[in-house]
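Enquirer: Below you will find the structure I want to go over with you.
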Amino acid sequence: MILSTWGLLAFLVASSVAGNGAAKSEPGFTLTAPEMTLTLVPDEPYGRKPRVPQPTAVNMATETQAAGPGTTLQKGWYWIRAVAAPNYHKYLQTKPAVAAGTAMLESYTSAGQFNVVDGQLVENTGDEDQSLYMWVEKPVSDFTQRTLATWFNTTKNPFGTFAFQGDALTWSAPEVKRQNLAAWLVCKNQALFINTGAYAYQTPAGCSDQTIHYYNDAHANN
Ligand SMILES: *[C@@H]1O[C@H](CO)[C@@H](O)[C@H](O)[C@H]1NC(C)=O
């Protein structure tokens with residue numbers, strides 16, 4: 001038996017009315033006539049997401065920090081580390097690594113890569129257009145303040161000048177009179193500070209005197 005066009009149309013209307021509700025929640029519905037089977041699949045409503053598998057997991061790490069330069073030292077960069085207790089072979093870095101944040105000395109396994117360029121201490125992020133720079137806390141008025149905080153930011157440091165003297169990292173600013181330009185302090189949570197006073201003299205509570213030095217072995221190590 002062959003259905004006429006009008007017959008099929010009437011059948012379709014009757015079926016979709018009868019299937020009201022149920023048809024809505026299903027991707028399609030099937031009409032079966034004695035000698036033919038017709039499967040109707042509605043078009044994707046405009047503006048809805050296509051029915052293809054969508055990724056459900058988002059890698060947060062790649063959204064919040066650069067990939068980084070890796071664990072092999074890149075040409076033109078250095079590790080920077082302390083060489084005396086209690087931070088012997090602890091390395092300059094941030095937590096999370098390769099991101100703006102407090103400068104600290106921590107494990108070689110997450111060490112950052114740095115160099116001094118035009119008085120800036122620059123961190124290699126693996127993307128030469130997006131370096132990080134060490135900033136130094138600028139006192140509001142008292143430039144004898146004993147400790148100056150340090151951290152990394154995406155823009156250049158407006159206060160003072162970094163330099164290597166031998167392999168030691170130094171910082172100086174005309175406003176700050178220092179006895180030893182290479183004197184640093186590592187305090188609570190391994191945070192790194194400029195020590196504006198004398199090295200190993202009246203060390204602030206909770207801090208350790210350190211100098212920090214560049215190191216250019218291929219891999220940071222203990
Ligand atoms: C980071 O740099 C921007 C631009 O120079 C500055 O406005 C902001 O205060 C800096 N933030 C920190 C925490 O240094």
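We label chains A, B, ... in the order they appear in the structure tokens, count residues from 1 in each chain, and number ligands from 1 in the order shown.
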Do you know which residues are within 12 Å of ligand 1 using only C-alpha atoms and all ligand atoms? Can you write them as an MDAnalysis selection string?
Expert: chainID A and resid 99:103 132:138 149:159
Enquirer: Could you list, as a count of residues only, every residue within 9 Å of Thr144 of chain A, counting only C-alpha atoms and ignoring same-chain residues fewer than 3 positions away?
Expert: 8
Enquirer: For Pro69 of chain A, which residue among A:Ala97, A:Ala84, A:Leu185, A:Ala173 is the nearest when counting only C-alpha atoms?
Expert: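 Nearest to Pro69 of chain A: A:Ala97.
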Enquirer: Choose the residue, out of A:Ala183, A:His213, A:Phe193, A:Tyr201, that has the smallest atom-to-atom separation from Leu148 of chain A; count only C-alpha atoms.
Expert: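 Under the stated criterion, the closest residue is A:Phe193.
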Enquirer: So the first atom is atom CA of Gln74 of chain A and the second is atom CA of Ala220 of chain A; what is the distance between them in Å, to one decimal place?
Expert: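 Result for atom CA of Gln74 of chain A versus atom CA of Ala220 of chain A: 11.7 Å, one decimal.
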Enquirer: Pick from A:Asp142, A:Glu128, A:Thr72, A:Asn195: nearest to Ser110 of chain A, with only C-alpha atoms counted?
Expert: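 For Ser110 of chain A, the nearest of the candidates is A:Thr72.
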Enquirer: Rank nothing, just name the residue among A:Trp184, A:Tyr108, A:Gln120, A:Gln145 nearest to Gly160 of chain A, using only C-alpha atoms.
Expert: A:Gln120
Enquirer: Mind listing the strand (DSSP E) residues of segment 132-177 of chain A, per DSSP on the backbone, as a list in words?
Expert: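 Answer for segment 132-177 of chain A restricted to strand (DSSP E) is Leu132, Tyr133, Met134, Trp135, Val136, Thr147, Leu148, Ala149, Thr150, Trp151, Phe152, Asn153, Thr161, Phe162, Ala163, Phe164, Gln165, Ala168, Leu169, Thr170, Trp171 and Ser172 of chain A.
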Enquirer: Which value, in Å to one decimal, gives the distance between atom CA of Asn221 of chain A and atom CA of Gln165 of chain A?
Expert: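 Atom CA of Gln165 of chain A lies 22.6 Å from atom CA of Asn221 of chain A.
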Enquirer: Rank nothing, just name the residue among A:Pro86, A:Gly112, A:Gly76, A:Gly119 nearest to Leu169 of chain A, using only C-alpha atoms.
Expert: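 Among A:Pro86, A:Gly112, A:Gly76, A:Gly119, it is A:Gly119 that comes nearest to Leu169 of chain A.
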Enquirer: What is the distance between atom CA of Tyr214 of chain A and atom CA of Tyr199 of chain A, in Å to one decimal?
Expert: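 Computing it gives 19.0 Å between the two atoms.
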Enquirer: Using only C-alpha atoms, which residues sit within 12 Å of Ile80 of chain A once same-chain residues fewer than 3 positions away are excluded, as a PyMOL selection string?
Expert: chain A and resi 73+77+83+88-93+103-108+110-116+121-123+164+167-170+211-217+219-221
